[in-house]
Amino acid sequence: MSNIIEIKGLTKSYGAHVVLQNIDLNLPAGQIIGLMGPNGSGKTSLMKIITGMINDYTGSVRVGGEAIGPHTKAIMAYLPDKSFLPPWMKAGQAIRYFADFYGNFDKEKAFRMLDAFQLSPDMRVKTMSKGMQEKLLLLLVMCRAAKLFVLDEPLGGVDPSARAFIMDTILNNRPADSTILLSTHMIYDMERVFDEALMIGRRQVLYHAKVGNTDLNKLFQEVFPYVG
Amino acid sequence: MLGKLLKYEILHTGRSFLWVLGIGLIVGGGATLLSFTRDAQMGQFLTTFLLNILLCLIAFVILILAMAFILLATSRSMFSEQGYLAFSLPVSSHQLLLAKFSASVLWLLLSAIEAAGLYIGAFFNIRRLILNAGDAVLSSLNAEGSMVEDFGSVLGLPSFGEILHLAIALFISVLVFLMLVMMVVIFVTTVSHVRPFQELSGLWTVVFLVASAIVFGGLTKVLSDQIHINYSVKFLQMAGEAAEMLQVNLFKPILYLIFTAGMFFLTDWLLQKKISLK
């Protein structure tokens with residue numbers, strides 16, 4: 001199995017605060033990988049580095065065998081934990097924008113999903129509720145036939161039924177051979193779908209293995225014992 | 001991809017810019033219409049005169065607003081949450097930068113053309129106003145001094161050929177200067193969003209803007225005092241000092257182009273190596 005992500009000697013710091021130190025990591029293609037760790041452990045920083053949102057780091061990061069750049073961004077779909085669309089943009093305009101820039105974006109499917117999500121193409125982002133915006137962003141990301149999906153806390157701050165809806169949307173729309181790197185604190189909800197678990201903390205990769213029958217919740221508490 | 005980036009950049013920024021340009025056009029049109037009044041009495045004359053002075057002020061404000069808007073738009077679209085959209089696109093950093101730079105220069109150029117139009121319009125409006133003023137107004141103005149004669153001495157215009165030569169030289173100089181201004185604005189916005197400046201990016205933007213103005217202003221002054229590539233147009237109806245004022249040193253635009261290219265590559269390097277979106 002080839003690796004979709006190859007990281008060598010990655011170090012990232014914010015001033016004197018080192019978040020990731022000399023990390024070596026290979027993530028195989030075609031898997032659903034759960035990225036876990038306590039708050040501030042560097043999950044979001046790692047995702048931003050992989051997606052090219054952060055480039056002031058040392059070490060080597062390659063996606064699909066290439067250094068981070070236009071080629072890797074073309075094969076990667078990123079859902080950050082932020083609403084990144086301009087407030088004045090309409091849902092239909094956002095879909096056409098993605099279709100213009102990403103060759104692997106399915107515009108017809110996006111409009112179908114928009115309809116299924118009960119969102120109007122003429123609705124502006126600024127008039128949407130937080131839930132509606134999250135649906136639109138998810139739709140824009142999942143309508144791409146990407147090789148790698150990087151999803152930062154897609155289940156954060158949503159109710160259980162919305163969580164199930166989001167997970168269904170992700171699992172039902174991903175291309176069969178694609179890789180998903182998904183960060184979450186909802187380990188109990190997610191362990192059934194993960195092929196691999198990746199736990200980072202204390203600047204290092206502390207655990208990376210196939211999930212199998214592992215009780216991830218219990219494992220997480222062992223790797224990151226709570227210090228009150 | 002550059003064409004698509006440019007299309008969206010112009011569409012996005014145009015939404016706000018057209019408002020700014022529209023206000024200038026409405027005020028300019030109003031002042032021009034009023035200046036056609038014949039035999040204006042003192043009250044009407046003064047109102048129209050002041051409106052045209054205001055027009056010159058608005059022209060200046062439009063340029064300042066244009067630059068402030070470009071600074072904010074660049075900051076918002078690249079370094080706020082919307083930056084996640086910009087930096088996720090499968091384009092290189094220099095394509096992204098070139099699209100922003102080109103759209104900014106386009107809008108600033110349109111603003112500068114409108115501002116120049118408003119100044120020239122105000123000049124002709126006041127000229128027309130004086131020529132069409134009523135006897136009472138003219139005698140009052142002449143009683144105050146020799147305003148009509150003074151103004152009349154510059155009312156004679158150079159030939160079309162002379163104006164065309166100077167306009168081309170000035171246009172090139174202004175265009176290149178605006179390119180430098182825009183590149184400095186984009187560079188300053190970028191560098192103030194790089195660690196360790198990003199926590200107080202607003203403050204650092206002002207600091208770097210002032211520093212850039214001092215550095216580039218100083219360098220331009222020192223170098224252009226040493227090297228002259230003069231282009232001048234002799235005005236038949238203006239002599240002596242007035243003609244000297246209309247001389248253009250073409251070395252300055254060349255210098256501005258070099259500065260602009262340097263700032264472009266430096267900003268591109270920052271985008272490739274130093275960006276850390278919050």
# chains A, B, ... in the order shown; residues from 1 in each chain; ligands from 1
call {"tool": "interface_residues", "arguments": {"of": "chain B", "to": "chain A", "cutoff": "8 Å", "atoms": "only C-alpha atoms", "output": "PDB file with N, CA and C atoms, in the first residue's frame"}}
result
ATOM      1  N   MET B   1      -5.408  29.490 -15.067  1.00  0.00           N
ATOM      2  CA  MET B   1      -5.841  29.750 -13.696  1.00  0.00           C
ATOM      3  C   MET B   1      -5.723  31.237 -13.336  1.00  0.00           C
ATOM      4  N   LYS B   4      -8.796  33.113 -14.337  1.00  0.00           N
ATOM      5  CA  LYS B   4      -9.931  32.884 -13.431  1.00  0.00           C
ATOM      6  C   LYS B   4      -9.747  33.664 -12.127  1.00  0.00           C
ATOM      7  N   GLU B  81     -10.269  34.450   7.881  1.00  0.00           N
ATOM      8  CA  GLU B  81     -10.784  33.090   7.618  1.00  0.00           C
ATOM      9  C   GLU B  81     -10.900  32.817   6.118  1.00  0.00           C
ATOM     10  N   GLN B  82     -11.141  33.886   5.337  1.00  0.00           N
ATOM     11  CA  GLN B  82     -11.247  33.702   3.877  1.00  0.00           C
ATOM     12  C   GLN B  82      -9.924  33.276   3.254  1.00  0.00           C
ATOM     13  N   GLY B  83      -8.834  33.462   3.989  1.00  0.00           N
ATOM     14  CA  GLY B  83      -7.521  33.016   3.514  1.00  0.00           C
ATOM     15  C   GLY B  83      -7.493  31.509   3.302  1.00  0.00           C
ATOM     16  N   TYR B  84      -8.325  30.777   4.066  1.00  0.00           N
ATOM     17  CA  TYR B  84      -8.377  29.316   3.908  1.00  0.00           C
ATOM     18  C   TYR B  84      -8.883  28.953   2.511  1.00  0.00           C
ATOM     19  N   LEU B  85      -9.742  29.808   1.974  1.00  0.00           N
ATOM     20  CA  LEU B  85     -10.244  29.575   0.615  1.00  0.00           C
ATOM     21  C   LEU B  85      -9.137  29.906  -0.397  1.00  0.00           C
ATOM     22  N   PHE B  87      -5.818  30.115  -0.027  1.00  0.00           N
ATOM     23  CA  PHE B  87      -4.627  29.266  -0.010  1.00  0.00           C
ATOM     24  C   PHE B  87      -4.933  27.796  -0.280  1.00  0.00           C
ATOM     25  N   SER B  88      -6.225  27.442  -0.354  1.00  0.00           N
ATOM     26  CA  SER B  88      -6.583  26.062  -0.729  1.00  0.00           C
ATOM     27  C   SER B  88      -6.634  25.886  -2.244  1.00  0.00           C
ATOM     28  N   LEU B  89      -6.676  26.996  -2.968  1.00  0.00           N
ATOM     29  CA  LEU B  89      -6.812  26.902  -4.428  1.00  0.00           C
ATOM     30  C   LEU B  89      -5.558  26.283  -5.055  1.00  0.00           C
ATOM     31  N   PRO B  90      -5.745  25.487  -6.108  1.00  0.00           N
ATOM     32  CA  PRO B  90      -4.579  24.859  -6.744  1.00  0.00           C
ATOM     33  C   PRO B  90      -3.829  25.830  -7.659  1.00  0.00           C
ATOM     34  N   VAL B  91      -3.351  26.902  -7.074  1.00  0.00           N
ATOM     35  CA  VAL B  91      -2.601  27.911  -7.840  1.00  0.00           C
ATOM     36  C   VAL B  91      -1.320  28.236  -7.078  1.00  0.00           C
ATOM     37  N   SER B  92      -0.339  28.747  -7.799  1.00  0.00           N
ATOM     38  CA  SER B  92       0.921  29.087  -7.135  1.00  0.00           C
ATOM     39  C   SER B  92       0.771  30.433  -6.425  1.00  0.00           C
ATOM     40  N   PRO B 196       6.643  37.333  13.724  1.00  0.00           N
ATOM     41  CA  PRO B 196       5.944  37.552  14.976  1.00  0.00           C
ATOM     42  C   PRO B 196       5.017  38.770  14.965  1.00  0.00           C
ATOM     43  N   GLN B 272       5.276  31.969   0.205  1.00  0.00           N
ATOM     44  CA  GLN B 272       5.713  30.572   0.055  1.00  0.00           C
ATOM     45  C   GLN B 272       6.326  30.000   1.322  1.00  0.00           C
ATOM     46  N   LYS B 273       6.980  30.856   2.104  1.00  0.00           N
ATOM     47  CA  LYS B 273       7.808  30.336   3.202  1.00  0.00           C
ATOM     48  C   LYS B 273       7.372  30.752   4.606  1.00  0.00           C
ATOM     49  N   LYS B 274       6.594  31.792   4.726  1.00  0.00           N
ATOM     50  CA  LYS B 274       6.386  32.349   6.065  1.00  0.00           C
ATOM     51  C   LYS B 274       4.932  32.478   6.507  1.00  0.00           C
ATOM     52  N   ILE B 275       4.012  31.953   5.705  1.00  0.00           N
ATOM     53  CA  ILE B 275       2.604  32.144   6.056  1.00  0.00           C
ATOM     54  C   ILE B 275       2.170  31.139   7.123  1.00  0.00           C
ATOM     55  N   SER B 276       1.423  31.655   8.094  1.00  0.00           N
ATOM     56  CA  SER B 276       0.900  30.797   9.156  1.00  0.00           C
ATOM     57  C   SER B 276      -0.496  31.314   9.496  1.00  0.00           C
ATOM     58  N   LEU B 277      -1.499  30.801   8.765  1.00  0.00           N
ATOM     59  CA  LEU B 277      -2.874  31.293   8.976  1.00  0.00           C
ATOM     60  C   LEU B 277      -3.349  30.934  10.367  1.00  0.00           C
TER      61      LEU B 277
END
call {"tool": "residues_around", "arguments": {"residues": "Phe251 (chain B)", "least_positions_apart": "3", "cutoff": "8 Å", "atoms": "only C-alpha atoms", "output": "NGL selection string"}}
result
:B and (224 or 227-230 or 254-255)
call {"tool": "write_last_selection", "arguments": {"atoms": "C-alpha atoms", "output": "compact mmCIF listing (two decimals), in the first residue's frame"}}
result
# COMPACT_ATOMS: atom_id res chain seq x y z
CA SER B 224 16.79 60.58 -8.99
CA ILE B 227 20.37 60.46 -12.53
CA HIS B 228 18.11 62.36 -14.93
CA ILE B 229 16.31 61.09 -18.00
CA ASN B 230 14.27 64.19 -18.68
CA ILE B 254 12.25 53.12 -14.04
CA LEU B 255 13.24 53.18 -10.37
call {"tool": "closest_atom_pairs", "arguments": {"of": "region 97-182 of chain A", "to": "region 186-206 of chain A", "cutoff": "12 Å", "atoms": "only C-alpha atoms", "output": "tab-separated table"}}
result
residue	atom	partner	partner_atom	distance
A:Glu153	CA	A:Met186	CA	9.0
A:Pro154	CA	A:Met186	CA	10.2
A:Leu155	CA	A:Met186	CA	7.5
A:Gly156	CA	A:Met186	CA	8.0
A:Gly157	CA	A:Met186	CA	10.3
A:Val158	CA	A:Met186	CA	10.8
A:Asp159	CA	A:Met186	CA	11.7
A:Pro160	CA	A:Asp189	CA	9.3
A:Ser161	CA	A:Asp189	CA	11.7
A:Arg163	CA	A:Asp189	CA	8.8
A:Ala164	CA	A:Asp189	CA	8.9
A:Ile166	CA	A:Met190	CA	11.7
A:Met167	CA	A:Met190	CA	8.8
A:Asp168	CA	A:Val193	CA	10.7
A:Ile170	CA	A:Val193	CA	10.9
A:Leu171	CA	A:Val193	CA	8.8
A:Thr179	CA	A:Asp195	CA	10.2
A:Ile180	CA	A:Phe194	CA	9.2
A:Leu181	CA	A:Leu198	CA	9.4
A:Leu182	CA	A:Phe194	CA	9.1
call {"tool": "closest_residue", "arguments": {"among": "B:Gln41, B:Ser104, B:Thr32, B:Thr189", "to": "Ile126 (chain B)", "atoms": "only C-alpha atoms"}}
result
B:Thr32
call {"tool": "select_by_dssp", "arguments": {"residues": "region 42-225 of chain A", "states": "strand (DSSP E or B)", "output": "MDAnalysis selection string"}}
result
chainID A and resid 54 58:63 66:67 76:79 90 105 124 144 148:152 179:183 196:201 204:210
call {"tool": "atom_distance", "arguments": {"atom1": "CA of Leu96 (chain B)", "atom2": "CA of Ser173 (chain B)"}}
result
25.8 Å
call {"tool": "select_by_dssp", "arguments": {"residues": "region 97-129 of chain A", "states": "helix (DSSP H, G or I)", "output": "list in words"}}
result
Tyr97, Phe98, Ala99, Asp100, Phe101, Lys107, Glu108, Lys109, Ala110, Phe111, Arg112, Met113, Leu114, Asp115, Ala116, Val125, Lys126 and Thr127 of chain A
call {"tool": "write_last_selection", "arguments": {"atoms": "N, CA, C and O atoms", "output": "mmCIF file, in the first residue's frame"}}
result
data_model
loop_
_atom_site.group_PDB
_atom_site.id
_atom_site.type_symbol
_atom_site.label_atom_id
_atom_site.label_comp_id
_atom_site.auth_asym_id
_atom_site.auth_seq_id
_atom_site.Cartn_x
_atom_site.Cartn_y
_atom_site.Cartn_z
ATOM 1 N N TYR A 97 -17.755 28.739 -8.186
ATOM 2 C CA TYR A 97 -16.369 29.096 -7.871
ATOM 3 C C TYR A 97 -15.514 27.830 -7.744
ATOM 4 O O TYR A 97 -14.448 27.723 -8.353
ATOM 5 N N PHE A 98 -16.016 26.860 -6.981
ATOM 6 C CA PHE A 98 -15.278 25.598 -6.804
ATOM 7 C C PHE A 98 -15.157 24.854 -8.139
ATOM 8 O O PHE A 98 -14.114 24.282 -8.440
ATOM 9 N N ALA A 99 -16.250 24.873 -8.916
ATOM 10 C CA ALA A 99 -16.222 24.174 -10.206
ATOM 11 C C ALA A 99 -15.198 24.803 -11.152
ATOM 12 O O ALA A 99 -14.561 24.110 -11.946
ATOM 13 N N ASP A 100 -15.029 26.115 -11.046
ATOM 14 C CA ASP A 100 -14.074 26.825 -11.891
ATOM 15 C C ASP A 100 -12.632 26.452 -11.569
ATOM 16 O O ASP A 100 -11.792 26.360 -12.464
ATOM 17 N N PHE A 101 -12.346 26.267 -10.286
ATOM 18 C CA PHE A 101 -10.949 26.074 -9.881
ATOM 19 C C PHE A 101 -10.532 24.605 -9.731
ATOM 20 O O PHE A 101 -9.356 24.293 -9.875
ATOM 21 N N LYS A 107 -20.151 19.605 -10.244
ATOM 22 C CA LYS A 107 -21.082 20.719 -10.057
ATOM 23 C C LYS A 107 -22.533 20.236 -9.968
ATOM 24 O O LYS A 107 -23.293 20.703 -9.113
ATOM 25 N N GLU A 108 -22.898 19.294 -10.839
ATOM 26 C CA GLU A 108 -24.293 18.812 -10.849
ATOM 27 C C GLU A 108 -24.632 18.151 -9.509
ATOM 28 O O GLU A 108 -25.693 18.390 -8.936
ATOM 29 N N LYS A 109 -23.692 17.337 -9.035
ATOM 30 C CA LYS A 109 -23.906 16.676 -7.745
ATOM 31 C C LYS A 109 -24.044 17.718 -6.630
ATOM 32 O O LYS A 109 -24.884 17.576 -5.732
ATOM 33 N N ALA A 110 -23.230 18.779 -6.720
ATOM 34 C CA ALA A 110 -23.263 19.829 -5.694
ATOM 35 C C ALA A 110 -24.639 20.498 -5.658
ATOM 36 O O ALA A 110 -25.199 20.732 -4.572
ATOM 37 N N PHE A 111 -25.202 20.801 -6.842
ATOM 38 C CA PHE A 111 -26.527 21.430 -6.865
ATOM 39 C C PHE A 111 -27.598 20.463 -6.358
ATOM 40 O O PHE A 111 -28.554 20.884 -5.698
ATOM 41 N N ARG A 112 -27.421 19.161 -6.666
ATOM 42 C CA ARG A 112 -28.378 18.164 -6.158
ATOM 43 C C ARG A 112 -28.314 18.099 -4.626
ATOM 44 O O ARG A 112 -29.338 18.078 -3.947
ATOM 45 N N MET A 113 -27.089 18.098 -4.110
ATOM 46 C CA MET A 113 -26.930 18.030 -2.667
ATOM 47 C C MET A 113 -27.456 19.299 -1.983
ATOM 48 O O MET A 113 -28.037 19.255 -0.899
ATOM 49 N N LEU A 114 -27.258 20.415 -2.652
ATOM 50 C CA LEU A 114 -27.751 21.692 -2.119
ATOM 51 C C LEU A 114 -29.260 21.621 -1.932
ATOM 52 O O LEU A 114 -29.804 22.044 -0.905
ATOM 53 N N ASP A 115 -29.910 21.050 -2.949
ATOM 54 C CA ASP A 115 -31.360 20.881 -2.907
ATOM 55 C C ASP A 115 -31.748 19.914 -1.781
ATOM 56 O O ASP A 115 -32.678 20.170 -1.013
ATOM 57 N N ALA A 116 -30.995 18.812 -1.680
ATOM 58 C CA ALA A 116 -31.286 17.818 -0.639
ATOM 59 C C ALA A 116 -31.066 18.407 0.761
ATOM 60 O O ALA A 116 -31.751 18.027 1.715
ATOM 61 N N VAL A 125 -24.196 33.636 2.175
ATOM 62 C CA VAL A 125 -23.563 33.018 3.346
ATOM 63 C C VAL A 125 -23.935 33.783 4.620
ATOM 64 O O VAL A 125 -24.218 33.187 5.659
ATOM 65 N N LYS A 126 -23.964 35.134 4.525
ATOM 66 C CA LYS A 126 -24.217 35.933 5.723
ATOM 67 C C LYS A 126 -25.634 35.751 6.270
ATOM 68 O O LYS A 126 -25.889 36.075 7.434
ATOM 69 N N THR A 127 -26.550 35.254 5.431
ATOM 70 C CA THR A 127 -27.920 35.054 5.915
ATOM 71 C C THR A 127 -28.139 33.615 6.408
ATOM 72 O O THR A 127 -29.228 33.282 6.869
#
call {"tool": "atom_distance", "arguments": {"atom1": "CA of Leu35 (chain A)", "atom2": "CA of Leu148 (chain A)"}}
result
14.1 Å
call {"tool": "atom_distance", "arguments": {"atom1": "CA of Ala29 (chain A)", "atom2": "CA of Ser2 (chain A)"}}
result
6.0 Å
call {"tool": "closest_residue", "arguments": {"among": "B:Val215, B:Leu257, B:Met263, B:Leu106", "to": "Val176 (chain B)", "atoms": "only C-alpha atoms"}}
result
B:Leu257
call {"tool": "closest_residue", "arguments": {"among": "A:Thr58, A:Leu138, A:Pro38, A:Asn173", "to": "Lys8 (chain A)", "atoms": "only C-alpha atoms"}}
result
A:Thr58
call {"tool": "decode", "arguments": {"residues": "region 136-156 of chain A", "atoms": "N, CA, C and O atoms", "output": "PDB file, in the first residue's frame"}}
result
ATOM      1  N   LEU A 136     -23.085  23.696   3.781  1.00  0.00           N
ATOM      2  CA  LEU A 136     -22.577  24.178   2.495  1.00  0.00           C
ATOM      3  C   LEU A 136     -21.077  23.871   2.350  1.00  0.00           C
ATOM      4  O   LEU A 136     -20.627  23.405   1.287  1.00  0.00           O
ATOM      5  N   LEU A 137     -20.317  24.106   3.408  1.00  0.00           N
ATOM      6  CA  LEU A 137     -18.872  23.846   3.346  1.00  0.00           C
ATOM      7  C   LEU A 137     -18.602  22.360   3.139  1.00  0.00           C
ATOM      8  O   LEU A 137     -17.736  21.966   2.344  1.00  0.00           O
ATOM      9  N   LEU A 138     -19.364  21.536   3.853  1.00  0.00           N
ATOM     10  CA  LEU A 138     -19.206  20.078   3.740  1.00  0.00           C
ATOM     11  C   LEU A 138     -19.505  19.624   2.308  1.00  0.00           C
ATOM     12  O   LEU A 138     -18.782  18.816   1.721  1.00  0.00           O
ATOM     13  N   LEU A 139     -20.564  20.196   1.761  1.00  0.00           N
ATOM     14  CA  LEU A 139     -20.973  19.875   0.390  1.00  0.00           C
ATOM     15  C   LEU A 139     -19.867  20.247  -0.611  1.00  0.00           C
ATOM     16  O   LEU A 139     -19.527  19.475  -1.505  1.00  0.00           O
ATOM     17  N   LEU A 140     -19.288  21.453  -0.424  1.00  0.00           N
ATOM     18  CA  LEU A 140     -18.246  21.916  -1.349  1.00  0.00           C
ATOM     19  C   LEU A 140     -17.021  21.002  -1.301  1.00  0.00           C
ATOM     20  O   LEU A 140     -16.388  20.736  -2.320  1.00  0.00           O
ATOM     21  N   VAL A 141     -16.717  20.514  -0.106  1.00  0.00           N
ATOM     22  CA  VAL A 141     -15.543  19.643   0.050  1.00  0.00           C
ATOM     23  C   VAL A 141     -15.835  18.242  -0.480  1.00  0.00           C
ATOM     24  O   VAL A 141     -15.027  17.664  -1.207  1.00  0.00           O
ATOM     25  N   MET A 142     -17.024  17.714  -0.159  1.00  0.00           N
ATOM     26  CA  MET A 142     -17.314  16.309  -0.494  1.00  0.00           C
ATOM     27  C   MET A 142     -17.755  16.120  -1.948  1.00  0.00           C
ATOM     28  O   MET A 142     -17.905  14.990  -2.395  1.00  0.00           O
ATOM     29  N   CYS A 143     -17.979  17.196  -2.689  1.00  0.00           N
ATOM     30  CA  CYS A 143     -18.311  17.042  -4.106  1.00  0.00           C
ATOM     31  C   CYS A 143     -17.055  17.021  -4.968  1.00  0.00           C
ATOM     32  O   CYS A 143     -17.140  17.084  -6.200  1.00  0.00           O
ATOM     33  N   ARG A 144     -15.908  16.951  -4.329  1.00  0.00           N
ATOM     34  CA  ARG A 144     -14.659  16.821  -5.092  1.00  0.00           C
ATOM     35  C   ARG A 144     -14.211  15.370  -5.084  1.00  0.00           C
ATOM     36  O   ARG A 144     -14.259  14.707  -4.049  1.00  0.00           O
ATOM     37  N   ALA A 145     -13.770  14.899  -6.241  1.00  0.00           N
ATOM     38  CA  ALA A 145     -13.228  13.539  -6.312  1.00  0.00           C
ATOM     39  C   ALA A 145     -11.750  13.606  -5.932  1.00  0.00           C
ATOM     40  O   ALA A 145     -10.865  13.367  -6.749  1.00  0.00           O
ATOM     41  N   ALA A 146     -11.518  13.986  -4.671  1.00  0.00           N
ATOM     42  CA  ALA A 146     -10.140  14.190  -4.211  1.00  0.00           C
ATOM     43  C   ALA A 146      -9.514  12.861  -3.802  1.00  0.00           C
ATOM     44  O   ALA A 146     -10.214  11.887  -3.516  1.00  0.00           O
ATOM     45  N   LYS A 147      -8.164  12.851  -3.759  1.00  0.00           N
ATOM     46  CA  LYS A 147      -7.471  11.651  -3.288  1.00  0.00           C
ATOM     47  C   LYS A 147      -7.305  11.695  -1.774  1.00  0.00           C
ATOM     48  O   LYS A 147      -7.161  10.661  -1.136  1.00  0.00           O
ATOM     49  N   LEU A 148      -7.283  12.910  -1.245  1.00  0.00           N
ATOM     50  CA  LEU A 148      -7.105  13.063   0.202  1.00  0.00           C
ATOM     51  C   LEU A 148      -8.098  14.097   0.732  1.00  0.00           C
ATOM     52  O   LEU A 148      -8.180  15.216   0.209  1.00  0.00           O
ATOM     53  N   PHE A 149      -8.847  13.721   1.754  1.00  0.00           N
ATOM     54  CA  PHE A 149      -9.756  14.656   2.423  1.00  0.00           C
ATOM     55  C   PHE A 149      -9.179  14.939   3.813  1.00  0.00           C
ATOM     56  O   PHE A 149      -8.921  13.997   4.575  1.00  0.00           O
ATOM     57  N   VAL A 150      -8.966  16.197   4.093  1.00  0.00           N
ATOM     58  CA  VAL A 150      -8.450  16.585   5.411  1.00  0.00           C
ATOM     59  C   VAL A 150      -9.573  17.345   6.116  1.00  0.00           C
ATOM     60  O   VAL A 150      -9.941  18.449   5.704  1.00  0.00           O
ATOM     61  N   LEU A 151     -10.137  16.736   7.135  1.00  0.00           N
ATOM     62  CA  LEU A 151     -11.336  17.292   7.771  1.00  0.00           C
ATOM     63  C   LEU A 151     -11.026  17.602   9.235  1.00  0.00           C
ATOM     64  O   LEU A 151     -10.771  16.699  10.039  1.00  0.00           O
ATOM     65  N   ASP A 152     -11.042  18.896   9.554  1.00  0.00           N
ATOM     66  CA  ASP A 152     -10.671  19.330  10.898  1.00  0.00           C
ATOM     67  C   ASP A 152     -11.918  19.501  11.765  1.00  0.00           C
ATOM     68  O   ASP A 152     -12.683  20.449  11.566  1.00  0.00           O
ATOM     69  N   GLU A 153     -12.110  18.597  12.689  1.00  0.00           N
ATOM     70  CA  GLU A 153     -13.236  18.636  13.639  1.00  0.00           C
ATOM     71  C   GLU A 153     -14.589  18.854  12.953  1.00  0.00           C
ATOM     72  O   GLU A 153     -15.315  19.778  13.315  1.00  0.00           O
ATOM     73  N   PRO A 154     -14.937  18.036  11.971  1.00  0.00           N
ATOM     74  CA  PRO A 154     -16.242  18.264  11.307  1.00  0.00           C
ATOM     75  C   PRO A 154     -17.421  17.994  12.240  1.00  0.00           C
ATOM     76  O   PRO A 154     -18.539  18.426  11.952  1.00  0.00           O
ATOM     77  N   LEU A 155     -17.166  17.291  13.343  1.00  0.00           N
ATOM     78  CA  LEU A 155     -18.269  16.961  14.253  1.00  0.00           C
ATOM     79  C   LEU A 155     -18.276  17.840  15.492  1.00  0.00           C
ATOM     80  O   LEU A 155     -19.075  17.626  16.409  1.00  0.00           O
ATOM     81  N   GLY A 156     -17.396  18.809  15.531  1.00  0.00           N
ATOM     82  CA  GLY A 156     -17.287  19.651  16.722  1.00  0.00           C
ATOM     83  C   GLY A 156     -18.503  20.553  16.885  1.00  0.00           C
ATOM     84  O   GLY A 156     -18.930  21.196  15.938  1.00  0.00           O
TER      85      GLY A 156
END
